[in-house]
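> There's a structure below that I have some questions on.
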Amino acid sequence: MKMTIEELKIDDFELIQTLSQEKILAKGSFIDTSLPPEQIIQEFQALSQTRPKLRSLGIYSIISLKNVYIKLNHESCLKIVDQYIHGIGWHDLQYICFFDIQPSSIYIHIVFNRVTPKAKVIDIKCVGASWQQYEVLRQSCSMIIDNPINNQYLQRQCCNCCT
């Protein structure tokens, strides 16, 4: 499987509107995802306005998993995202996540607010995936993909060796 992580700074949250029209809304943190996209954008902006001098308000992450050899469902992708976000230490940020699940590729789109609910700011210098982020993503994917419950190939292998 080929993994890529692309991170971009964003000046506003209008991207959420575009993603909500094209992708599957997966989850959010510190946001009610049942709200219409316009209201979600307003919630993101309201939090950012607690730091009025901030120019780049958010971080847009695109995680691509290509040549995935097993079919991952929505729930498996959620587990990968949860483990990844906790692993990189951004679980205290407001974010919204969208999925584009294709037969052998998965694209995860995450819009992070740089301002935390406690009005702290994530430094924009951290934009750009590091080798540590790739390692966290690899481990997050391995925990799901290499689990026989999620992987029919491993289920058969396990069953054959146990008989």
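By convention here, the chains of the structure tokens are called A, B, ... in the order presented, each chain's residues are numbered starting at 1, and ligands are numbered starting at 1 in the order presented.
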For the strand (DSSP E) assignment from backbone DSSP, which residues of stretch 6-150 of chain A qualify? Please present them as a ChimeraX atom specification.

/A:6-10,24-29,58-66,95-101,105-113

> Filtering to N, CA and C atoms, could you give me those residues as an mmCIF file, in the first residue's frame?


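Heads up, here's the output in selection_12.cif:
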```cif
data_model
loop_
_atom_site.group_PDB
_atom_site.id
_atom_site.type_symbol
_atom_site.label_atom_id
_atom_site.label_comp_id
_atom_site.auth_asym_id
_atom_site.auth_seq_id
_atom_site.Cartn_x
_atom_site.Cartn_y
_atom_site.Cartn_z
ATOM 1 N N GLU A 6 -0.554 14.960 2.558
ATOM 2 C CA GLU A 6 -0.320 16.318 2.076
ATOM 3 C C GLU A 6 -1.007 17.267 3.050
ATOM 4 N N GLU A 7 -0.287 18.285 3.479
ATOM 5 C CA GLU A 7 -0.845 19.276 4.398
ATOM 6 C C GLU A 7 -0.676 20.668 3.813
ATOM 7 N N LEU A 8 -1.758 21.428 3.859
ATOM 8 C CA LEU A 8 -1.753 22.781 3.326
ATOM 9 C C LEU A 8 -2.356 23.729 4.343
ATOM 10 N N LYS A 9 -1.827 24.928 4.423
ATOM 11 C CA LYS A 9 -2.469 25.923 5.282
ATOM 12 C C LYS A 9 -3.612 26.537 4.486
ATOM 13 N N ILE A 10 -4.690 26.867 5.196
ATOM 14 C CA ILE A 10 -5.845 27.475 4.547
ATOM 15 C C ILE A 10 -6.216 28.754 5.282
ATOM 16 N N ILE A 24 -17.935 11.980 1.462
ATOM 17 C CA ILE A 24 -18.772 11.460 2.542
ATOM 18 C C ILE A 24 -18.302 12.072 3.857
ATOM 19 N N LEU A 25 -19.204 12.757 4.547
ATOM 20 C CA LEU A 25 -18.877 13.302 5.862
ATOM 21 C C LEU A 25 -18.682 12.143 6.819
ATOM 22 N N ALA A 26 -17.507 12.065 7.419
ATOM 23 C CA ALA A 26 -17.178 10.924 8.268
ATOM 24 C C ALA A 26 -17.345 11.227 9.747
ATOM 25 N N LYS A 27 -16.782 12.327 10.189
ATOM 26 C CA LYS A 27 -16.840 12.673 11.613
ATOM 27 C C LYS A 27 -16.291 14.060 11.841
ATOM 28 N N GLY A 28 -16.456 14.510 13.049
ATOM 29 C CA GLY A 28 -15.902 15.789 13.436
ATOM 30 C C GLY A 28 -15.562 15.759 14.910
ATOM 31 N N SER A 29 -14.813 16.727 15.326
ATOM 32 C CA SER A 29 -14.454 16.858 16.727
ATOM 33 C C SER A 29 -14.680 18.308 17.134
ATOM 34 N N GLY A 58 -6.610 27.546 9.207
ATOM 35 C CA GLY A 58 -6.703 26.102 9.339
ATOM 36 C C GLY A 58 -5.622 25.353 8.602
ATOM 37 N N ILE A 59 -5.689 24.042 8.743
ATOM 38 C CA ILE A 59 -4.779 23.124 8.059
ATOM 39 C C ILE A 59 -5.644 22.077 7.367
ATOM 40 N N TYR A 60 -5.382 21.892 6.092
ATOM 41 C CA TYR A 60 -6.105 20.909 5.291
ATOM 42 C C TYR A 60 -5.166 19.735 5.029
ATOM 43 N N SER A 61 -5.536 18.563 5.519
ATOM 44 C CA SER A 61 -4.734 17.347 5.335
ATOM 45 C C SER A 61 -5.454 16.404 4.391
ATOM 46 N N ILE A 62 -4.705 15.887 3.439
ATOM 47 C CA ILE A 62 -5.224 14.870 2.530
ATOM 48 C C ILE A 62 -4.353 13.632 2.707
ATOM 49 N N ILE A 63 -4.960 12.574 3.169
ATOM 50 C CA ILE A 63 -4.256 11.307 3.340
ATOM 51 C C ILE A 63 -4.727 10.378 2.232
ATOM 52 N N SER A 64 -3.782 9.883 1.446
ATOM 53 C CA SER A 64 -4.098 8.963 0.352
ATOM 54 C C SER A 64 -3.547 7.587 0.684
ATOM 55 N N LEU A 65 -4.407 6.614 0.616
ATOM 56 C CA LEU A 65 -4.004 5.212 0.773
ATOM 57 C C LEU A 65 -4.320 4.535 -0.554
ATOM 58 N N LYS A 66 -3.283 4.210 -1.310
ATOM 59 C CA LYS A 66 -3.484 3.630 -2.642
ATOM 60 C C LYS A 66 -3.006 2.187 -2.652
ATOM 61 N N TYR A 95 -11.957 19.635 14.239
ATOM 62 C CA TYR A 95 -11.741 19.188 12.867
ATOM 63 C C TYR A 95 -13.003 18.551 12.315
ATOM 64 N N ILE A 96 -13.013 18.440 11.000
ATOM 65 C CA ILE A 96 -14.069 17.722 10.302
ATOM 66 C C ILE A 96 -13.384 16.871 9.241
ATOM 67 N N CYS A 97 -13.898 15.665 9.062
ATOM 68 C CA CYS A 97 -13.234 14.670 8.224
ATOM 69 C C CYS A 97 -14.214 14.137 7.169
ATOM 70 N N PHE A 98 -13.710 13.975 5.964
ATOM 71 C CA PHE A 98 -14.493 13.439 4.853
ATOM 72 C C PHE A 98 -13.747 12.270 4.226
ATOM 73 N N PHE A 99 -14.501 11.302 3.699
ATOM 74 C CA PHE A 99 -13.910 10.136 3.042
ATOM 75 C C PHE A 99 -14.289 10.104 1.567
ATOM 76 N N ASP A 100 -13.374 9.577 0.779
ATOM 77 C CA ASP A 100 -13.626 9.211 -0.609
ATOM 78 C C ASP A 100 -13.072 7.789 -0.721
ATOM 79 N N ILE A 101 -13.964 6.812 -0.591
ATOM 80 C CA ILE A 101 -13.563 5.404 -0.572
ATOM 81 C C ILE A 101 -13.812 4.808 -1.959
ATOM 82 N N SER A 105 -8.423 2.412 -3.399
ATOM 83 C CA SER A 105 -7.830 3.632 -2.857
ATOM 84 C C SER A 105 -8.797 4.300 -1.887
ATOM 85 N N ILE A 106 -8.220 4.940 -0.887
ATOM 86 C CA ILE A 106 -9.003 5.682 0.092
ATOM 87 C C ILE A 106 -8.358 7.057 0.240
ATOM 88 N N TYR A 107 -9.191 8.076 0.182
ATOM 89 C CA TYR A 107 -8.723 9.439 0.369
ATOM 90 C C TYR A 107 -9.445 10.004 1.587
ATOM 91 N N ILE A 108 -8.664 10.490 2.526
ATOM 92 C CA ILE A 108 -9.206 11.052 3.764
ATOM 93 C C ILE A 108 -8.876 12.540 3.760
ATOM 94 N N HIS A 109 -9.908 13.351 3.851
ATOM 95 C CA HIS A 109 -9.761 14.810 3.837
ATOM 96 C C HIS A 109 -10.121 15.319 5.228
ATOM 97 N N ILE A 110 -9.184 16.021 5.852
ATOM 98 C CA ILE A 110 -9.422 16.545 7.196
ATOM 99 C C ILE A 110 -9.131 18.043 7.194
ATOM 100 N N VAL A 111 -10.101 18.805 7.687
ATOM 101 C CA VAL A 111 -9.908 20.244 7.861
ATOM 102 C C VAL A 111 -9.785 20.495 9.357
ATOM 103 N N PHE A 112 -8.619 20.973 9.769
ATOM 104 C CA PHE A 112 -8.342 21.279 11.169
ATOM 105 C C PHE A 112 -8.433 22.781 11.393
ATOM 106 N N ASN A 113 -8.989 23.170 12.517
ATOM 107 C CA ASN A 113 -8.937 24.558 12.961
ATOM 108 C C ASN A 113 -7.631 24.706 13.740
#
```

> Can you list, as number ranges by chain, every protein, DNA or RNA residue that comes within 6 Å of A:Ser140 when you count only C-alpha atoms, leaving out same-chain residues fewer than 2 positions away?

A: 80, 83-84, 137-138, 142-143

> Out of A:Glu14, A:Asp92, A:Asp146, A:Asp82, which residue has the shortest atom-to-atom distance to A:Glu38 when counting only C-alpha atoms?

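Closest to A:Glu38 of all the choices is A:Glu14.
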
> Suppose you want the space between atom CA of A:Ile122 and atom CA of A:Met3; what is it in Å?

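Distance between the two atoms: 24.1 Å.
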
> Using DSSP secondary structure from the backbone, list all alpha helix (DSSP H) positions within stretch 24-62 of chain A, as a ChimeraX atom specification.

/A:37-48

> Using all heavy atoms, can you write the selected residues to a file as a compact mmCIF listing (two decimals), in the first residue's frame?


```txt
# COMPACT_ATOMS: atom_id res chain seq x y z
N PRO A 37 -23.55 22.53 6.24
CA PRO A 37 -22.17 22.99 6.03
C PRO A 37 -21.94 24.47 6.34
O PRO A 37 -20.91 24.83 6.90
CB PRO A 37 -21.91 22.69 4.55
CG PRO A 37 -22.85 21.59 4.23
CD PRO A 37 -24.07 21.80 5.08
N GLU A 38 -22.89 25.31 6.01
CA GLU A 38 -22.73 26.75 6.26
C GLU A 38 -22.59 27.02 7.76
O GLU A 38 -21.79 27.86 8.17
CB GLU A 38 -23.93 27.54 5.72
CG GLU A 38 -24.12 27.43 4.22
CD GLU A 38 -24.84 26.15 3.78
OE1 GLU A 38 -25.49 25.48 4.61
OE2 GLU A 38 -24.70 25.80 2.59
N GLN A 39 -23.35 26.30 8.56
CA GLN A 39 -23.28 26.49 10.01
C GLN A 39 -21.99 25.91 10.59
O GLN A 39 -21.41 26.47 11.52
CB GLN A 39 -24.49 25.85 10.69
CG GLN A 39 -25.26 26.83 11.53
CD GLN A 39 -26.48 26.19 12.13
OE1 GLN A 39 -27.18 25.40 11.50
NE2 GLN A 39 -26.74 26.53 13.37
N ILE A 40 -21.54 24.80 10.02
CA ILE A 40 -20.26 24.21 10.46
C ILE A 40 -19.14 25.22 10.19
O ILE A 40 -18.29 25.45 11.05
CB ILE A 40 -20.00 22.86 9.74
CG1 ILE A 40 -20.98 21.80 10.25
CG2 ILE A 40 -18.55 22.42 9.93
CD1 ILE A 40 -20.93 20.48 9.52
N ILE A 41 -19.17 25.84 9.02
CA ILE A 41 -18.16 26.85 8.68
C ILE A 41 -18.22 28.00 9.68
O ILE A 41 -17.19 28.47 10.16
CB ILE A 41 -18.35 27.34 7.23
CG1 ILE A 41 -18.02 26.21 6.25
CG2 ILE A 41 -17.49 28.58 6.94
CD1 ILE A 41 -18.45 26.48 4.81
N GLN A 42 -19.43 28.44 10.03
CA GLN A 42 -19.58 29.52 11.01
C GLN A 42 -19.01 29.13 12.37
O GLN A 42 -18.39 29.96 13.04
CB GLN A 42 -21.06 29.91 11.15
CG GLN A 42 -21.61 30.64 9.97
CD GLN A 42 -23.12 30.88 10.07
OE1 GLN A 42 -23.76 30.46 11.02
NE2 GLN A 42 -23.68 31.56 9.07
N GLU A 43 -19.20 27.86 12.78
CA GLU A 43 -18.65 27.38 14.05
C GLU A 43 -17.12 27.40 14.02
O GLU A 43 -16.48 27.78 14.99
CB GLU A 43 -19.16 25.97 14.36
CG GLU A 43 -20.65 25.87 14.59
CD GLU A 43 -21.07 26.40 15.96
OE1 GLU A 43 -20.29 26.25 16.91
OE2 GLU A 43 -22.18 26.96 16.04
N PHE A 44 -16.55 26.97 12.90
CA PHE A 44 -15.09 27.01 12.75
C PHE A 44 -14.59 28.46 12.82
O PHE A 44 -13.60 28.76 13.48
CB PHE A 44 -14.67 26.37 11.41
CG PHE A 44 -14.38 24.90 11.49
CD1 PHE A 44 -15.41 23.98 11.65
CD2 PHE A 44 -13.09 24.42 11.41
CE1 PHE A 44 -15.16 22.62 11.71
CE2 PHE A 44 -12.82 23.06 11.47
CZ PHE A 44 -13.85 22.15 11.63
N GLN A 45 -15.28 29.36 12.11
CA GLN A 45 -14.88 30.77 12.10
C GLN A 45 -15.00 31.39 13.48
O GLN A 45 -14.14 32.17 13.89
CB GLN A 45 -15.73 31.54 11.09
CG GLN A 45 -15.40 31.19 9.67
CD GLN A 45 -16.39 31.76 8.65
OE1 GLN A 45 -17.54 32.04 8.97
NE2 GLN A 45 -15.92 31.92 7.43
N ALA A 46 -16.07 31.04 14.20
CA ALA A 46 -16.27 31.61 15.55
C ALA A 46 -15.11 31.24 16.46
O ALA A 46 -14.62 32.09 17.22
CB ALA A 46 -17.60 31.11 16.12
N LEU A 47 -14.65 29.99 16.39
CA LEU A 47 -13.52 29.58 17.22
C LEU A 47 -12.25 30.31 16.80
O LEU A 47 -11.48 30.78 17.64
CB LEU A 47 -13.33 28.06 17.16
CG LEU A 47 -12.22 27.48 18.02
CD1 LEU A 47 -12.41 27.84 19.50
CD2 LEU A 47 -12.17 25.96 17.86
N SER A 48 -12.04 30.44 15.50
CA SER A 48 -10.85 31.14 15.00
C SER A 48 -10.84 32.60 15.40
O SER A 48 -9.78 33.19 15.59
CB SER A 48 -10.77 31.03 13.48
OG SER A 48 -10.43 29.73 13.11
```
